[in-house]
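Engineer: This one is my_file.cif, mmCIF, C-alpha atoms and all ligand atoms.
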```cif
data_work
#
loop_
_atom_site.label_atom_id
_atom_site.label_comp_id
_atom_site.auth_asym_id
_atom_site.auth_seq_id
_atom_site.Cartn_x
_atom_site.Cartn_y
_atom_site.Cartn_z
CA MET A 1 8.47 14.98 -20.12
CA LYS A 2 4.97 15.43 -18.75
CA THR A 3 4.79 12.55 -16.27
CA LEU A 4 1.75 11.05 -14.59
CA VAL A 5 2.74 9.64 -11.19
CA LEU A 6 0.14 7.24 -9.83
CA GLY A 7 0.46 7.66 -6.09
CA GLY A 8 -0.71 6.59 -2.68
CA THR A 9 2.77 5.94 -1.27
CA ALA A 10 5.51 8.03 0.33
CA GLU A 11 7.74 7.18 -2.65
CA ALA A 12 5.20 8.66 -5.08
CA ARG A 13 5.08 11.90 -3.08
CA HIS A 14 8.85 12.08 -2.96
CA LEU A 15 9.11 11.37 -6.70
CA SER A 16 6.62 14.08 -7.61
CA GLU A 17 8.56 16.56 -5.46
CA VAL A 18 11.79 15.70 -7.28
CA LEU A 19 10.17 15.89 -10.73
CA GLY A 20 8.52 19.20 -9.82
CA HIS A 21 6.19 20.91 -12.27
CA THR A 22 6.75 18.39 -15.07
CA ALA A 23 4.80 15.78 -13.07
CA VAL A 24 1.21 15.38 -11.91
CA LEU A 25 0.68 13.22 -8.85
CA SER A 26 -2.58 11.30 -8.96
CA LEU A 27 -4.21 10.20 -5.71
CA ALA A 28 -7.28 8.05 -5.13
CA GLY A 29 -8.36 10.40 -2.32
CA MET A 30 -8.38 7.85 0.51
CA THR A 31 -6.41 10.07 2.91
CA ARG A 32 -6.16 13.82 3.37
CA THR A 33 -2.57 14.80 2.65
CA PRO A 34 -1.51 18.42 2.08
CA LEU A 35 0.51 18.68 -1.15
CA SER A 36 2.54 21.50 -2.64
CA THR A 37 3.24 19.83 -6.01
CA PRO A 38 0.81 19.54 -8.97
CA HIS A 39 -1.75 16.85 -8.28
CA ARG A 40 -5.22 15.56 -9.03
CA VAL A 41 -7.53 13.55 -6.75
CA GLY A 42 -10.05 10.75 -7.44
CA GLY A 43 -10.49 7.76 -9.73
CA PHE A 44 -10.22 8.21 -13.49
CA GLY A 45 -13.27 6.06 -14.25
CA GLY A 46 -11.59 2.78 -15.16
CA VAL A 47 -9.22 2.14 -18.06
CA GLU A 48 -11.24 4.26 -20.50
CA GLY A 49 -11.18 7.22 -18.12
CA LEU A 50 -7.45 6.83 -17.59
CA LYS A 51 -6.83 6.68 -21.35
CA ALA A 52 -8.93 9.81 -21.88
CA TYR A 53 -7.00 11.64 -19.13
CA ILE A 54 -3.64 10.66 -20.64
CA GLN A 55 -4.71 11.97 -24.04
CA GLN A 56 -6.39 15.16 -22.78
CA GLU A 57 -3.44 16.09 -20.58
CA ASP A 58 -0.84 15.08 -23.17
CA ILE A 59 0.88 12.73 -20.71
CA GLN A 60 4.20 11.49 -22.12
CA CYS A 61 5.06 8.83 -19.56
CA ILE A 62 3.51 7.12 -16.55
CA ILE A 63 5.10 5.99 -13.31
CA ASP A 64 2.96 3.58 -11.35
CA ALA A 65 4.07 4.26 -7.79
CA THR A 66 0.92 2.92 -6.16
CA HIS A 67 1.00 0.67 -3.11
CA PRO A 68 2.02 -2.95 -3.93
CA PHE A 69 -1.54 -4.05 -2.99
CA ALA A 70 -3.32 -1.47 -5.19
CA ALA A 71 -3.64 -4.07 -7.95
CA GLN A 72 -6.58 -2.58 -9.83
CA MET A 73 -4.88 0.73 -10.51
CA SER A 74 -1.72 -1.06 -11.66
CA ARG A 75 -3.72 -3.30 -14.02
CA ASN A 76 -5.51 -0.25 -15.43
CA ALA A 77 -2.20 1.54 -16.00
CA PHE A 78 -0.87 -1.51 -17.83
CA LYS A 79 -3.95 -1.70 -20.07
CA ALA A 80 -3.75 2.02 -20.86
CA GLN A 81 -0.09 1.65 -21.74
CA GLN A 82 -0.86 -1.30 -24.03
CA ALA A 83 -3.58 0.68 -25.79
CA LEU A 84 -1.78 4.02 -26.15
CA GLY A 85 1.90 3.03 -26.17
CA VAL A 86 2.81 5.62 -23.50
CA PRO A 87 5.95 4.43 -21.65
CA LEU A 88 5.14 2.93 -18.24
CA LEU A 89 7.48 2.30 -15.31
CA ARG A 90 6.60 0.73 -11.99
CA LEU A 91 8.24 2.09 -8.84
CA GLU A 92 7.87 -0.55 -6.16
CA ARG A 93 9.73 -1.00 -2.92
CA PRO A 94 11.05 -4.54 -2.35
CA PRO A 95 8.93 -6.85 -0.19
CA TRP A 96 10.07 -7.87 3.28
CA VAL A 97 12.03 -11.10 3.20
CA PRO A 98 9.84 -13.77 4.83
CA ALA A 99 11.10 -15.16 8.12
CA PRO A 100 10.87 -18.97 8.45
CA THR A 101 8.34 -18.56 11.26
CA TRP A 102 5.87 -16.43 9.27
CA LEU A 103 2.72 -18.03 7.95
CA MET A 104 2.46 -16.85 4.34
CA VAL A 105 -1.08 -16.57 2.91
CA ASN A 106 -2.41 -15.54 -0.50
CA ASP A 107 -5.04 -13.03 0.54
CA LEU A 108 -6.88 -11.44 3.45
CA LEU A 109 -9.58 -14.12 3.59
CA GLN A 110 -6.91 -16.77 4.06
CA ALA A 111 -5.35 -14.57 6.74
CA ALA A 112 -8.68 -14.29 8.56
CA ALA A 113 -9.15 -18.07 8.40
CA ALA A 114 -5.64 -18.66 9.78
CA ILE A 115 -6.20 -16.75 13.02
CA PRO A 116 -6.98 -19.25 15.80
CA LEU A 117 -10.15 -19.04 17.93
CA GLY A 118 -9.99 -16.48 20.69
CA ALA A 119 -6.81 -14.82 19.41
CA ARG A 120 -5.84 -11.21 20.10
CA ALA A 121 -4.87 -10.04 16.64
CA PHE A 122 -3.15 -6.89 15.48
CA LEU A 123 -4.71 -6.39 12.04
CA SER A 124 -2.10 -4.15 10.44
CA VAL A 125 -3.73 -4.20 7.01
CA GLY A 126 -5.17 -0.70 6.46
CA SER A 127 -8.60 0.78 7.00
CA GLN A 128 -10.04 -0.45 3.69
CA SER A 129 -9.12 -4.11 4.24
CA LEU A 130 -10.99 -5.15 7.37
CA SER A 131 -14.08 -6.65 5.71
CA ALA A 132 -12.36 -10.05 5.45
CA PHE A 133 -12.30 -10.22 9.28
CA LEU A 134 -15.93 -9.25 9.94
CA GLY A 135 -17.04 -12.85 10.54
CA ARG A 136 -14.47 -13.35 13.33
CA GLU A 137 -16.62 -12.39 16.31
CA ASP A 138 -14.61 -14.71 18.59
CA MET A 139 -11.40 -12.74 18.40
CA TRP A 140 -10.27 -9.38 19.76
CA TYR A 141 -8.56 -7.06 17.30
CA LEU A 142 -6.35 -4.01 17.28
CA THR A 143 -6.08 -2.07 14.05
CA ARG A 144 -4.28 1.11 13.09
CA SER A 145 -4.84 3.37 10.12
CA ILE A 146 -4.57 6.96 8.95
CA GLU A 147 -8.31 7.29 8.33
CA PRO A 148 -10.99 5.55 10.43
CA PRO A 149 -12.17 2.22 8.97
CA SER A 150 -15.67 2.20 7.49
CA GLN A 151 -16.27 -1.28 8.94
CA ALA A 152 -14.44 -3.44 11.47
CA PRO A 153 -14.95 -6.67 13.45
CA ARG A 154 -17.09 -6.43 16.58
CA HIS A 155 -14.58 -6.61 19.46
CA GLY A 156 -11.52 -4.41 19.37
CA ILE A 157 -10.12 -0.94 18.89
CA CYS A 158 -8.81 1.21 16.07
CA LEU A 159 -5.88 3.58 16.52
CA LEU A 160 -5.55 6.52 14.14
CA GLN A 161 -1.85 7.00 13.47
CA ARG A 162 0.45 7.74 10.56
CA PRO A 163 3.78 5.90 9.99
CA PRO A 164 6.72 5.74 10.66
CA PHE A 165 6.50 3.58 13.79
CA LEU A 166 9.39 2.90 16.18
CA LEU A 167 10.43 -0.48 17.57
CA ALA A 168 10.02 0.49 21.24
CA ASP A 169 6.50 1.81 20.58
CA GLU A 170 5.51 -1.28 18.57
CA LYS A 171 6.71 -3.55 21.38
CA ALA A 172 4.83 -1.53 23.98
CA LEU A 173 1.67 -1.58 21.87
CA MET A 174 1.77 -5.35 21.42
CA LYS A 175 2.53 -5.95 25.10
CA THR A 176 -0.20 -3.59 26.33
CA HIS A 177 -2.83 -5.32 24.21
CA GLN A 178 -1.44 -8.84 24.76
CA ILE A 179 -1.29 -9.43 21.04
CA THR A 180 -0.94 -13.08 20.03
CA HIS A 181 -1.07 -12.66 16.22
CA LEU A 182 0.08 -9.96 13.82
CA VAL A 183 -1.57 -9.88 10.39
CA SER A 184 0.21 -7.78 7.79
CA LYS A 185 0.36 -7.28 4.05
CA ASN A 186 3.87 -7.65 2.66
CA ALA A 187 4.06 -3.95 1.91
CA GLY A 188 7.82 -3.71 2.40
CA GLY A 189 9.63 -0.51 3.41
CA ALA A 190 11.25 0.78 6.56
CA ALA A 191 8.40 2.96 7.86
CA THR A 192 6.27 0.04 9.07
CA GLN A 193 8.93 -2.67 9.48
CA ALA A 194 9.39 -2.27 13.26
CA LYS A 195 6.19 -4.23 13.95
CA LEU A 196 7.88 -7.32 12.49
CA GLU A 197 10.92 -6.95 14.73
CA ALA A 198 8.64 -6.34 17.72
CA ALA A 199 6.61 -9.47 16.91
CA ALA A 200 9.79 -11.54 16.57
CA SER A 201 11.17 -10.38 19.90
CA LEU A 202 7.87 -10.95 21.75
CA GLY A 203 7.06 -14.31 20.16
CA VAL A 204 3.93 -12.95 18.43
CA ASN A 205 2.83 -15.12 15.49
CA VAL A 206 3.05 -13.39 12.12
CA ILE A 207 0.52 -14.02 9.33
CA MET A 208 1.83 -12.35 6.18
CA VAL A 209 -0.29 -11.71 3.08
CA LYS A 210 1.71 -12.17 -0.12
CA ARG A 211 1.64 -9.43 -2.74
CA PRO A 212 -0.91 -9.76 -5.56
CA ARG A 213 0.37 -10.72 -9.00
CA LEU A 214 0.69 -7.66 -11.23
CA PRO A 215 1.29 -7.35 -14.98
CA ALA A 216 4.97 -7.60 -15.91
CA VAL A 217 6.27 -4.08 -16.53
CA LEU A 218 9.68 -2.48 -16.25
CA THR A 219 10.17 -2.01 -12.49
CA VAL A 220 12.59 -0.05 -10.32
CA GLU A 221 12.87 0.09 -6.54
CA THR A 222 14.01 3.64 -5.85
CA VAL A 223 12.93 7.20 -6.60
CA ALA A 224 16.42 7.94 -7.98
CA GLU A 225 16.08 5.16 -10.56
CA ALA A 226 12.64 6.45 -11.59
CA VAL A 227 13.99 9.98 -12.05
CA LYS A 228 16.81 8.58 -14.19
CA TRP A 229 14.27 6.71 -16.36
CA VAL A 230 12.32 9.92 -17.01
CA GLY A 231 15.58 11.71 -17.81
CA LYS A 232 16.56 9.08 -20.38
CA LEU A 233 13.13 9.28 -22.07
CA GLY A 234 13.46 13.04 -22.40
CA ALA A 235 17.03 12.95 -23.70
P1 LIG B 1 -7.00 -0.22 -6.21
O1 LIG B 1 -7.90 -1.30 -5.71
O2 LIG B 1 -5.87 -0.61 -7.06
O3 LIG B 1 -7.83 0.87 -7.02
C1 LIG B 1 -9.24 1.00 -6.96
C2 LIG B 1 -9.61 2.22 -7.76
O4 LIG B 1 -9.22 3.42 -7.06
C3 LIG B 1 -8.90 2.30 -9.10
O5 LIG B 1 -9.52 1.52 -10.08
C4 LIG B 1 -8.99 3.79 -9.38
O6 LIG B 1 -10.31 4.16 -9.76
C5 LIG B 1 -8.77 4.38 -7.99
N1 LIG B 1 -7.35 4.65 -7.74
C6 LIG B 1 -6.44 3.89 -7.09
N2 LIG B 1 -5.26 4.51 -7.04
C7 LIG B 1 -5.41 5.68 -7.68
C8 LIG B 1 -4.54 6.75 -7.96
N3 LIG B 1 -3.27 6.75 -7.54
N4 LIG B 1 -5.05 7.82 -8.66
C9 LIG B 1 -6.34 7.83 -9.06
N5 LIG B 1 -7.21 6.84 -8.83
C10 LIG B 1 -6.75 5.78 -8.13
O7 LIG B 1 -6.44 0.65 -5.01
P2 LIG B 1 -6.69 0.51 -3.43
O8 LIG B 1 -6.05 -0.74 -2.95
O9 LIG B 1 -8.16 0.76 -3.17
O10 LIG B 1 -5.83 1.73 -2.92
C11 LIG B 1 -6.28 3.05 -3.14
C12 LIG B 1 -5.08 3.99 -3.01
O11 LIG B 1 -4.50 3.86 -1.71
C13 LIG B 1 -4.00 3.69 -4.04
O12 LIG B 1 -3.59 4.90 -4.60
C14 LIG B 1 -2.87 3.05 -3.25
O13 LIG B 1 -1.61 3.41 -3.74
C15 LIG B 1 -3.13 3.57 -1.83
N6 LIG B 1 -2.79 2.58 -0.79
C16 LIG B 1 -3.32 1.32 -0.86
C17 LIG B 1 -3.00 0.40 0.11
C18 LIG B 1 -3.53 -1.02 0.06
O14 LIG B 1 -3.20 -1.81 0.96
N7 LIG B 1 -4.31 -1.40 -0.96
C19 LIG B 1 -2.15 0.77 1.17
C20 LIG B 1 -1.65 2.07 1.22
C21 LIG B 1 -1.97 2.96 0.24
P3 LIG B 1 -10.72 4.32 -11.30
O15 LIG B 1 -10.87 2.93 -11.82
O16 LIG B 1 -12.00 5.07 -11.23
O17 LIG B 1 -9.62 5.06 -12.00
#
```
Translate this file's structure into structure tokens.
Structural biologist:
Amino acid sequence: MKTLVLGGTAEARHLSEVLGHTAVLSLAGMTRTPLSTPHRVGGFGGVEGLKAYIQQEDIQCIIDATHPFAAQMSRNAFKAQQALGVPLLRLERPPWVPAPTWLMVNDLLQAAAAIPLGARAFLSVGSQSLSAFLGREDMWYLTRSIEPPSQAPRHGICLLQRPPFLLADEKALMKTHQITHLVSKNAGGAATQAKLEAAASLGVNVIMVKRPRLPAVLTVETVAEAVKWVGKLGA
């Protein structure tokens, strides 16, 4: 089965490695990642571009393994599936279970509004998501991303690092920078979970952005389940 894997996550990379030459991994091109499996890079040009790609490349099934917050790509995949009837599966890691102390917000603007005046905030939201915090000139921020952010609030620093992150390092980072608030998207997964344990043990307030609503499609949580789904389609 010629499978289009919509990527941008570690799970997508792993899945494309397991599927091998029957799969094409598609990346938006936000980060530079060396790949040994078949792949393509860059947007398709909206739903119409995605549909054209699926037809030109004779794609037989799609696995949407994008990040839980990459809502536009997931919506486009759903619309393409509706139009063309190509089977679509979503591979999505489970969200972190909210702790009673977390402040849950709907989006990044709400998160920015929830940070108190003069806070020292660890904005663990990714390099493309800092625009919501630009108006907060009163606070100091720490952010961390794989690629440098194109824009960021005025007072603070950006660390360039790639997950996974360890508990001891997360604690040291928060202590060194006297972090009072941690802002995170509910991405889920083990690779970036240590920051939540570190915040809990240091009494750092957590502001957690809920996942966006996505179209209802058949969803699995693991690479193994996705591989099984492809196998069943091809049987
Ligand atoms: P998005 O808002 O859902 O997508 C914006 C546009 O980027 C899409 O319409 C599409 O352009 C292109 N695109 C996104 N994913 C693509 C893919 N896998 N292959 C080809 N084109 C893709 O996505 P985003 O939030 O900007 O995230 C961009 C990428 O980074 C995604 O692949 C996502 O998995 C990854 N990522 C996102 C986050 C996050 O917090 N949002 C975190 C970690 C990783 P066209 O309309 O032109 O096709």
Engineer: When the cut-off is 9 Å and you count all atoms listed in the file, which residues lie near ligand LIG 1 (chain B), shown as a ChimeraX atom specification?
Structural biologist: /A:5-9,12,25-31,40-50,64-76,125-129,185,187
Engineer: One decimal, in Å: what's the spacing between CA of Gln193 (chain A) and CA of Trp96 (chain A)?
Structural biologist: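 CA of Trp96 (chain A) lies at a distance of 8.2 Å from CA of Gln193 (chain A).
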Engineer: Using all atoms listed in the file, which protein or nucleic acid residues come within 6 Å of region 143-153 of chain A? Drop anything in the same chain fewer than 5 positions from it, and give the result as a list in words.
Structural biologist: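 Once the adjacent positions are removed, what remains is Phe122, Leu123, Ser124, Gly126, Ser127, Leu130, Leu134, Cys158, Leu159, Leu160, Gln161 and Arg162 of chain A.
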Engineer: Determine the nearest neighbour of Ser184 (chain A) from the options A:Glu11, A:Asp107, A:Glu137, A:Asp58, counting all atoms listed in the file.
Structural biologist: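 So, comparing all the options, the nearest one is A:Asp107.
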Engineer: Restricting the calculation to all atoms listed in the file, which member of A:Thr192, A:Thr3, A:Gln60, A:Thr222 is positioned closest to Gly85 (chain A)?
Structural biologist: A:Gln60
Engineer: Which residue is closest to Ala191 (chain A)? Choose from A:Ala216, A:Leu167, A:Leu35, A:Leu84 and count all atoms listed in the file.
Structural biologist: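 Closest to Ala191 (chain A), using all atoms listed in the file: A:Leu167.
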Engineer: Calculated over only C-alpha atoms, which of the candidates A:Ala172, A:Ala113, A:Val206, A:Leu108 has the smallest distance to Ser131 (chain A)?
Structural biologist: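 The shortest atom-to-atom distance to Ser131 (chain A) comes from A:Leu108.
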Engineer: Got a sec: who's within 9 Å of Leu15 (chain A), counting all atoms listed in the file, leaving out chain neighbours fewer than 5 positions off, as a list in words?
Structural biologist: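 Everything that qualifies: Val5, Ala10, Gly20, Ala23, Leu25, Ala65, Val223, Ala224, Ala226 and Val227 of chain A.
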Engineer: Edge lengths and centre in Å to one decimal, as AutoDock Vina command-line options, is what I'm after for the box along x, y and z that holds all listed atoms of region 216-221 of chain A once 8 Å is added on each side.
Structural biologist:
```
--center_x 8.9 --center_y -3.8 --center_z -11.5 --size_x 23.9 --size_y 23.7 --size_z 26.0
```
Engineer: Distance CA of Pro116 (chain A)-CA of Gly135 (chain A), one decimal place?
Structural biologist: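 CA of Gly135 (chain A) lies at a distance of 13.0 Å from CA of Pro116 (chain A).
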Engineer: For Ala199 (chain A), which residue out of A:Leu103, A:His155, A:Ile179, A:Phe133 is the nearest one, using all atoms listed in the file?
Structural biologist: A:Ile179
Engineer: Quick check, in Å to one decimal: how far apart do CA of Leu89 (chain A) and CA of Lys210 (chain A) lie?
Structural biologist: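 Taking CA of Leu89 (chain A) as the start and CA of Lys210 (chain A) as the end point, the length is 21.8 Å.
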Engineer: Tell me which of A:Met174, A:Val183, A:Leu166, A:Ala190 sits closest to Pro94 (chain A), counting only C-alpha atoms.
Structural biologist: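 For Pro94 (chain A), the nearest of the given residues is A:Ala190.
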